[in-house]
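Colleague: Please read through the structure below; I'll follow up with questions.
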Amino acid sequence: MESILKLDMRLFYSEEIFDINDCSVNDTGVLIRLKSKKHECECPDCHQISNHYHGTYERSVQDLPILGKNTSVIITAHEYECQNAECPTKTIVERYDHFLGYYGRFTERCEDFIATLALETSCEGASRICRCRLPA
């Protein structure tokens with residue numbers, strides 16, 4: 001377990017986007033807590049940039065295993081209010097392009113691995129190999 005804690009997690013999670021708040025390891029897996037560093041967000045409808053902070057929420061996602069242990073990531077993300085009065089969207093949530101899809105429950109690298117595994121073996125075989133579970 002110590003070997004996981006000695007890993008430089010900044011190699012896996014962009015320092016430009018996230019602060020690593022905590023990393024804990026137990027017999028069943030690794031739990032990593034990240035906090036977003038962003039201070040503004042683009043509205044998906046009107047494309048106006050907003051920095052009017054509304055609140056935070058947590059997203060739980062599955063990442064690739066680290067040293068054979070299931071890895072769960074909890075991201076504390078920000079919500080913003082669209083400042084365009086004409087826009088139908090009132091609340092904007094952060095997007096993490098090239099890391100996590102908008103409604104994603106798996107990191108993009110984890111999704112890519114699962115898709116490749118399913119293509120190389122079979123969907124049923126990939127399911128048995130992965131046995132992915134999100135944290136409760």
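Letters A, B, ... go to the chains of the structure tokens in the order shown; residues in each chain start at 1; ligands are counted from 1 in the same order.
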Can you pull out every residue within 6 Å of range 78-88 of chain A, counting only C-alpha atoms, but drop anything in the same chain fewer than 5 positions away, and send it as a PyMOL selection string?

Modeller: chain A and resi 50+52-56+93

Colleague: Could you name the residues that touch Arg105 in chain A at 8 Å or less, counting only C-alpha atoms, but leaving out those on the same chain fewer than 3 positions away, as an MDAnalysis selection string?

Modeller: chainID A and resid 60:62 100:101 134

Colleague: What is the CA of Thr89 in chain A-CA of Cys43 in chain A distance in Å, reported with one decimal?

Modeller: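 Here the two named atoms are 7.6 Å from each other.
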
Colleague: Could you check the closest approach to Val73 in chain A for each of A:Lys38, A:Arg10, A:Arg33, A:Arg128 and tell me which residue wins, using only C-alpha atoms?

Modeller: A:Arg33

Colleague: Using only C-alpha atoms, which residue out of A:Asn70, A:Thr91, A:Thr121, A:Ser127 lies closest to Ile32 in chain A?

Modeller: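 Looking at the shortest contact to Ile32 in chain A, the residue is A:Asn70.
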
Colleague: If we count only C-alpha atoms and set the cut-off at 12 Å, which residues sit around Asp22 in chain A, ignoring sequence neighbours fewer than 3 positions away in its own chain? Please answer as a list in words.

Modeller: Leu5, Met9, Phe18, Asp19, Val25, Val30, Leu31, Ile32, Arg33, Leu34, Lys35, Ser72, Val73, Ile74, Ile75 and Thr76 of chain A

Colleague: Produce a file of the selected residues containing all heavy atoms, as a tab-separated table (two decimals), in the first residue's frame.

Modeller:
```
chain	number	residue	atom	x	y	z
A	5	LEU	N	0.91	5.20	-2.22
A	5	LEU	CA	0.97	6.53	-1.62
A	5	LEU	C	2.22	7.29	-2.02
A	5	LEU	O	2.25	8.51	-1.99
A	5	LEU	CB	0.87	6.42	-0.09
A	5	LEU	CG	-0.47	5.90	0.43
A	5	LEU	CD1	-0.42	5.72	1.94
A	5	LEU	CD2	-1.61	6.81	0.04
A	9	MET	N	0.86	11.46	-7.92
A	9	MET	CA	-0.46	11.46	-8.55
A	9	MET	C	-0.62	12.59	-9.56
A	9	MET	O	-1.50	12.56	-10.40
A	9	MET	CB	-1.57	11.57	-7.49
A	9	MET	CG	-1.69	10.36	-6.62
A	9	MET	SD	-2.13	8.93	-7.61
A	9	MET	CE	-1.94	7.64	-6.42
A	18	PHE	N	-6.73	20.33	-11.52
A	18	PHE	CA	-7.11	19.79	-10.22
A	18	PHE	C	-6.05	19.99	-9.14
A	18	PHE	O	-4.87	19.96	-9.40
A	18	PHE	CB	-7.35	18.27	-10.31
A	18	PHE	CG	-8.43	17.88	-11.26
A	18	PHE	CD1	-8.14	17.21	-12.44
A	18	PHE	CD2	-9.76	18.15	-10.98
A	18	PHE	CE1	-9.12	16.82	-13.31
A	18	PHE	CE2	-10.76	17.77	-11.85
A	18	PHE	CZ	-10.44	17.10	-13.02
A	19	ASP	N	-6.53	20.16	-7.90
A	19	ASP	CA	-5.71	20.01	-6.70
A	19	ASP	C	-6.01	18.62	-6.16
A	19	ASP	O	-7.18	18.21	-6.11
A	19	ASP	CB	-6.11	21.03	-5.62
A	19	ASP	CG	-5.41	22.36	-5.78
A	19	ASP	OD1	-4.28	22.37	-6.27
A	19	ASP	OD2	-6.01	23.38	-5.39
A	25	VAL	N	-5.78	4.51	0.64
A	25	VAL	CA	-5.70	3.15	0.13
A	25	VAL	C	-6.19	2.20	1.21
A	25	VAL	O	-5.85	2.35	2.38
A	25	VAL	CB	-4.24	2.79	-0.24
A	25	VAL	CG1	-4.16	1.40	-0.83
A	25	VAL	CG2	-3.65	3.81	-1.20
A	30	VAL	N	-8.28	2.21	-4.15
A	30	VAL	CA	-7.68	3.52	-3.96
A	30	VAL	C	-8.78	4.56	-4.12
A	30	VAL	O	-9.59	4.48	-5.05
A	30	VAL	CB	-6.57	3.78	-5.01
A	30	VAL	CG1	-5.97	5.16	-4.83
A	30	VAL	CG2	-5.50	2.71	-4.95
A	31	LEU	N	-8.84	5.53	-3.22
A	31	LEU	CA	-9.79	6.63	-3.32
A	31	LEU	C	-9.01	7.93	-3.40
A	31	LEU	O	-8.19	8.24	-2.52
A	31	LEU	CB	-10.72	6.66	-2.10
A	31	LEU	CG	-11.72	7.81	-2.07
A	31	LEU	CD1	-12.70	7.70	-3.24
A	31	LEU	CD2	-12.47	7.83	-0.75
A	32	ILE	N	-9.24	8.67	-4.47
A	32	ILE	CA	-8.54	9.93	-4.70
A	32	ILE	C	-9.57	11.05	-4.70
A	32	ILE	O	-10.57	10.97	-5.41
A	32	ILE	CB	-7.76	9.89	-6.03
A	32	ILE	CG1	-6.74	8.77	-5.99
A	32	ILE	CG2	-7.10	11.23	-6.31
A	32	ILE	CD1	-6.13	8.43	-7.31
A	33	ARG	N	-9.31	12.07	-3.93
A	33	ARG	CA	-10.21	13.24	-3.88
A	33	ARG	C	-9.52	14.41	-4.58
A	33	ARG	O	-8.41	14.79	-4.22
A	33	ARG	CB	-10.54	13.61	-2.44
A	33	ARG	CG	-11.41	12.59	-1.76
A	33	ARG	CD	-11.84	13.07	-0.37
A	33	ARG	NE	-12.79	12.15	0.20
A	33	ARG	CZ	-14.11	12.18	-0.03
A	33	ARG	NH1	-14.61	13.12	-0.81
A	33	ARG	NH2	-14.91	11.30	0.53
A	34	LEU	N	-10.20	14.94	-5.58
A	34	LEU	CA	-9.69	16.07	-6.36
A	34	LEU	C	-10.61	17.26	-6.17
A	34	LEU	O	-11.81	17.10	-5.97
A	34	LEU	CB	-9.63	15.72	-7.85
A	34	LEU	CG	-8.84	14.49	-8.26
A	34	LEU	CD1	-9.00	14.25	-9.76
A	34	LEU	CD2	-7.38	14.64	-7.91
A	35	LYS	N	-10.03	18.46	-6.29
A	35	LYS	CA	-10.83	19.68	-6.27
A	35	LYS	C	-10.47	20.49	-7.50
A	35	LYS	O	-9.29	20.67	-7.83
A	35	LYS	CB	-10.56	20.50	-5.01
A	35	LYS	CG	-11.45	21.73	-4.94
A	35	LYS	CD	-11.33	22.45	-3.65
A	35	LYS	CE	-12.30	23.62	-3.70
A	35	LYS	NZ	-12.13	24.54	-2.62
A	72	SER	N	-11.11	4.84	-7.47
A	72	SER	CA	-12.27	5.72	-7.52
A	72	SER	C	-11.80	7.15	-7.30
A	72	SER	O	-10.91	7.39	-6.50
A	72	SER	CB	-13.28	5.34	-6.44
A	72	SER	OG	-13.72	4.03	-6.62
A	73	VAL	N	-12.41	8.05	-8.04
A	73	VAL	CA	-12.04	9.46	-7.94
A	73	VAL	C	-13.29	10.26	-7.58
A	73	VAL	O	-14.34	10.09	-8.20
A	73	VAL	CB	-11.47	9.98	-9.29
A	73	VAL	CG1	-11.12	11.45	-9.20
A	73	VAL	CG2	-10.27	9.16	-9.71
A	74	ILE	N	-13.18	11.09	-6.56
A	74	ILE	CA	-14.27	11.99	-6.20
A	74	ILE	C	-13.79	13.41	-6.49
A	74	ILE	O	-12.78	13.86	-5.94
A	74	ILE	CB	-14.66	11.84	-4.72
A	74	ILE	CG1	-15.19	10.42	-4.49
A	74	ILE	CG2	-15.72	12.87	-4.34
A	74	ILE	CD1	-15.55	10.11	-3.07
A	75	ILE	N	-14.51	14.08	-7.37
A	75	ILE	CA	-14.15	15.43	-7.80
A	75	ILE	C	-15.11	16.43	-7.18
A	75	ILE	O	-16.32	16.31	-7.34
A	75	ILE	CB	-14.20	15.56	-9.33
A	75	ILE	CG1	-13.28	14.54	-9.99
A	75	ILE	CG2	-13.86	16.98	-9.77
A	75	ILE	CD1	-13.46	14.43	-11.49
A	76	THR	N	-14.57	17.40	-6.46
A	76	THR	CA	-15.38	18.52	-5.98
A	76	THR	C	-15.35	19.57	-7.09
A	76	THR	O	-14.32	20.18	-7.35
A	76	THR	CB	-14.82	19.10	-4.67
A	76	THR	OG1	-14.81	18.05	-3.69
A	76	THR	CG2	-15.68	20.25	-4.16
```

Colleague: Which of these, A:Ile17, A:Leu11, A:Leu64, A:Cys23, has the shortest distance to Glu108 in chain A once you count only C-alpha atoms?

Modeller: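 Checking each of A:Ile17, A:Leu11, A:Leu64, A:Cys23 against Glu108 in chain A, counting only C-alpha atoms, the winner is A:Leu64.
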
Colleague: If you run DSSP on this backbone, which residues of chain A come out as alpha helix (DSSP H), and could you give them as a ChimeraX atom specification?

Modeller: /A:2-6,108-120,123-130

Colleague: Please, what distance in Å, to one decimal, runs between CA of Thr107 in chain A and CA of Ile49 in chain A?

Modeller: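 Separation of CA of Thr107 in chain A and CA of Ile49 in chain A: 24.9 Å.
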
Colleague: How many Å lie between CA of Asp8 in chain A and CA of Ile129 in chain A, rounded to one decimal?

Modeller: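 Distance between the two atoms: 26.6 Å.
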
Colleague: Just the strand (DSSP E or B) stuff from range 10-132 of chain A, please, per backbone DSSP, written as number ranges by chain.

Modeller: A: 18-25, 29-36, 41-42, 49-50, 53-66, 69-81, 91-93, 96, 100, 106-107

Colleague: Between A:Ile92, A:Asp63, A:Thr28, A:Tyr13, single out the one closest to Cys46 in chain A, counting only C-alpha atoms.

Modeller: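 Of A:Ile92, A:Asp63, A:Thr28, A:Tyr13, the one nearest Cys46 in chain A, counting only C-alpha atoms, is A:Ile92.
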